[in-house]
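Here's the structure, in structure tokens; my notes come after.
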Amino acid sequence: MAEQTRDEEFTAFVASRTVWLRKVAYLLCADWHRADDLVQESITKLYVHWGRVGRAENRDGYARTVLVNTFLSEQRTGWWRRTRPSAEPGAAVVAGGADLALSLDVREALAALPPRQRATVVLRYFCDLTVEQTAAELGCSSGNVKSQSSRALATLRRSAWLRPMGRAEV
Amino acid sequence: MTDDQRQAEELTVRMAEYVASAERSAPPSSVDPLRAVRRGRSAVRQRRWTVLGAVAAVVVASGSFAVLHRGSATGSAPIGPVAPNSTHSSPTAPFTALPDPTPTGPAAAVPTIGRAALTVQARFGWLPDAVAEVEFSATRVGVQTTASTGPGHSTQHYSLQVFPAGVNPDEAPTFADGSHGVRVAAPQVNGREAYWLQKDRPDGWPRATDVLRFRLADGRWAELDTEGLEDADRQAVPLRIAAGVLVGAYAVPMPASMASLPPSAVLVAASITAPRNGGGWWTASLGFQEQGSHYVSVYVTPDGPNPGAGSPSTDPSAGSHPQACSSGGGLKWCAMALEPPDGKAGDPNAWLPRVVGHGADPNAWTTEVLP
């Protein structure tokens, strides 16, 4: 009975968060299939540790932490980065017109960032976390988050994506 | 609103637009919660048996009870000194440890030696000329030294960590994609054993040599994690860096110390980032958790404008957090709360008087950081 309750609770939580986690994963890896793999792996880890997750006040934060760490873990060996060069767009084809231009610019700009900088940007500016929260999720210092953010922004400013923001190149 | 704040807001909006746009043509999701349940159950069962086996082995071997380090069921353990209540996360052992969520719940204390807040077990000796910045940091995932390239170079990072004495790092960790780590022989480092950690995935990259593990003179294992090297350098450079590593406990001097701490405060992070060859802008920080819930960051910089980016004054989030600052002797130091103080804990104004600055000259900095 306890296991059944645990499974029901877990399934309900995951079902309500999959869309959101998939978006975060897509921003990290720029490929929907890969994003699905990352989310699948992350929710499996969540299940293994569901007892702890279930007690956490911030389950969403926990799930996001696991997802980002799963992404970074894979990057450690560089397998994904080298078998799919960073500039290579993912498999999905996006909508045409302005949407296409925007998507390609953004994808290219994010792909140009090293994994930790990309993760930092996603956590800081998409998930809207503070420096300290981002540091805690990435398991690094706040100074490291600041330097990663700074470098990422400098790179993004040089991209076609952020150039129209009225900011001179750094 | 500053330029940086405007840019941060713009970035947030554009990322949301980008995801929304991409989502319109995304393939159907293949994420399956029930598959996670099935795989998760299997992993839980396997873990229970592994832990039981390890407990039995220890009891048989020692005839007494022993404290098992998490994730050490096969004699391996995550990187970093063991600290009470530690929740070390090993990226190569995803099922053995998970980071705690933040900012809820008590945090793990970082290991400290004496009054030093930050003690590394090894430092870089030789580094490529392109390296401009070195950071020492201690967090819940361990103590490490990181070197990074500066502007004008392709981004390279080198992270050095040392495993505790007697710990053999896991040579076959399970990666998130289901593949496993494989030990691949590497040339000896200073005449001692070394190997690369690769993946067993058949379609994987055969030259995945970003992780180099090597024995130190005292028998401990060290790990050098490299990112951003060109193919031609991906073996030679890590091997040369490893050969030049300086081994030995090194308490890192800090520009500020704490005259006192609230009774319930725990050090949860410490770091200092500085130019490799001295001079220029640096930042140092000490992270504390008070009463098991409130995070307070004490950070120190040179007093004055940062010629580059990354100073607290250009941090878009800094203005949204309660903080109190002071300056003197060429330093500026601040105490910043992660969340609003509740009257009992996390008050930056109560923390600030506890901070003692030691001037801008690194020769005057101290390793006696904690009271």
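Simple scheme: letters A, B, ... for chains in structure tokens order, numbers from 1 for residues in each chain, numbers from 1 for ligands in the order shown.
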
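For range 281-284 of chain B, the set of protein, DNA and RNA residues having any atom at most 6 Å away, when counting only C-alpha atoms and skipping those fewer than 3 positions along the same chain, is Ser271, Ile272, Thr273, Ala274, Tyr299, Val300 and Thr301 of chain B.
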
Residues from last step as file, N, CA and C atoms, as a short mmCIF file (atom, residue, chain, number, x, y, z; two decimals), in the first residue's frame:
data_model
loop_
_atom_site.label_atom_id
_atom_site.label_comp_id
_atom_site.auth_asym_id
_atom_site.auth_seq_id
_atom_site.Cartn_x
_atom_site.Cartn_y
_atom_site.Cartn_z
N SER B 271 34.96 30.73 -1.09
CA SER B 271 35.66 30.78 -2.38
C SER B 271 36.43 32.07 -2.52
N ILE B 272 37.42 32.01 -3.36
CA ILE B 272 38.13 33.22 -3.76
C ILE B 272 38.59 33.04 -5.19
N THR B 273 38.34 34.05 -5.98
CA THR B 273 38.71 34.03 -7.39
C THR B 273 39.63 35.22 -7.65
N ALA B 274 40.76 34.95 -8.24
CA ALA B 274 41.72 36.03 -8.43
C ALA B 274 42.50 35.81 -9.72
N TYR B 299 30.55 38.75 1.11
CA TYR B 299 31.48 38.83 -0.01
C TYR B 299 32.34 40.08 0.07
N VAL B 300 33.53 39.92 -0.45
CA VAL B 300 34.55 40.96 -0.32
C VAL B 300 35.16 41.22 -1.69
N THR B 301 35.36 42.49 -2.02
CA THR B 301 36.00 42.87 -3.27
C THR B 301 36.90 44.06 -3.01
#

Mind checking DSSP for range 209-342 of chain B and telling me the strand (DSSP E or B) residues as an MDAnalysis selection string?
-> chainID B and resid 211:215 221:227 246:251 254 256:258 266:275 283:290 294:302 323:328 331:337

In Å, with one decimal, what is the gap from CA of Tyr26 in chain A to CA of Val37 in chain B?
->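 Rounded to one decimal, the two atoms are 22.8 Å apart.
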
Have a look at A:Ser159, A:Thr44, A:Ala109, A:Trp50 and name the one nearest to chain B; count only C-alpha atoms.
-> A:Thr44

In Å, rounded to a single decimal, give me how far CA of Glu223 in chain B is from CA of Pro111 in chain B.
->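 A separation of 18.9 Å between them.
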
Residue nearest Val122 in chain A - candidates A:Val145, A:Ile43, A:Leu27, A:Val106, atoms counted: only C-alpha atoms =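 Between A:Val145, A:Ile43, A:Leu27, A:Val106, the residue approaching Val122 in chain A most closely is A:Leu27.
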
What is the CA of Ala122 in chain B to CA of Ala249 in chain B distance in Å?
->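 CA of Ala249 in chain B lies 6.6 Å from CA of Ala122 in chain B.
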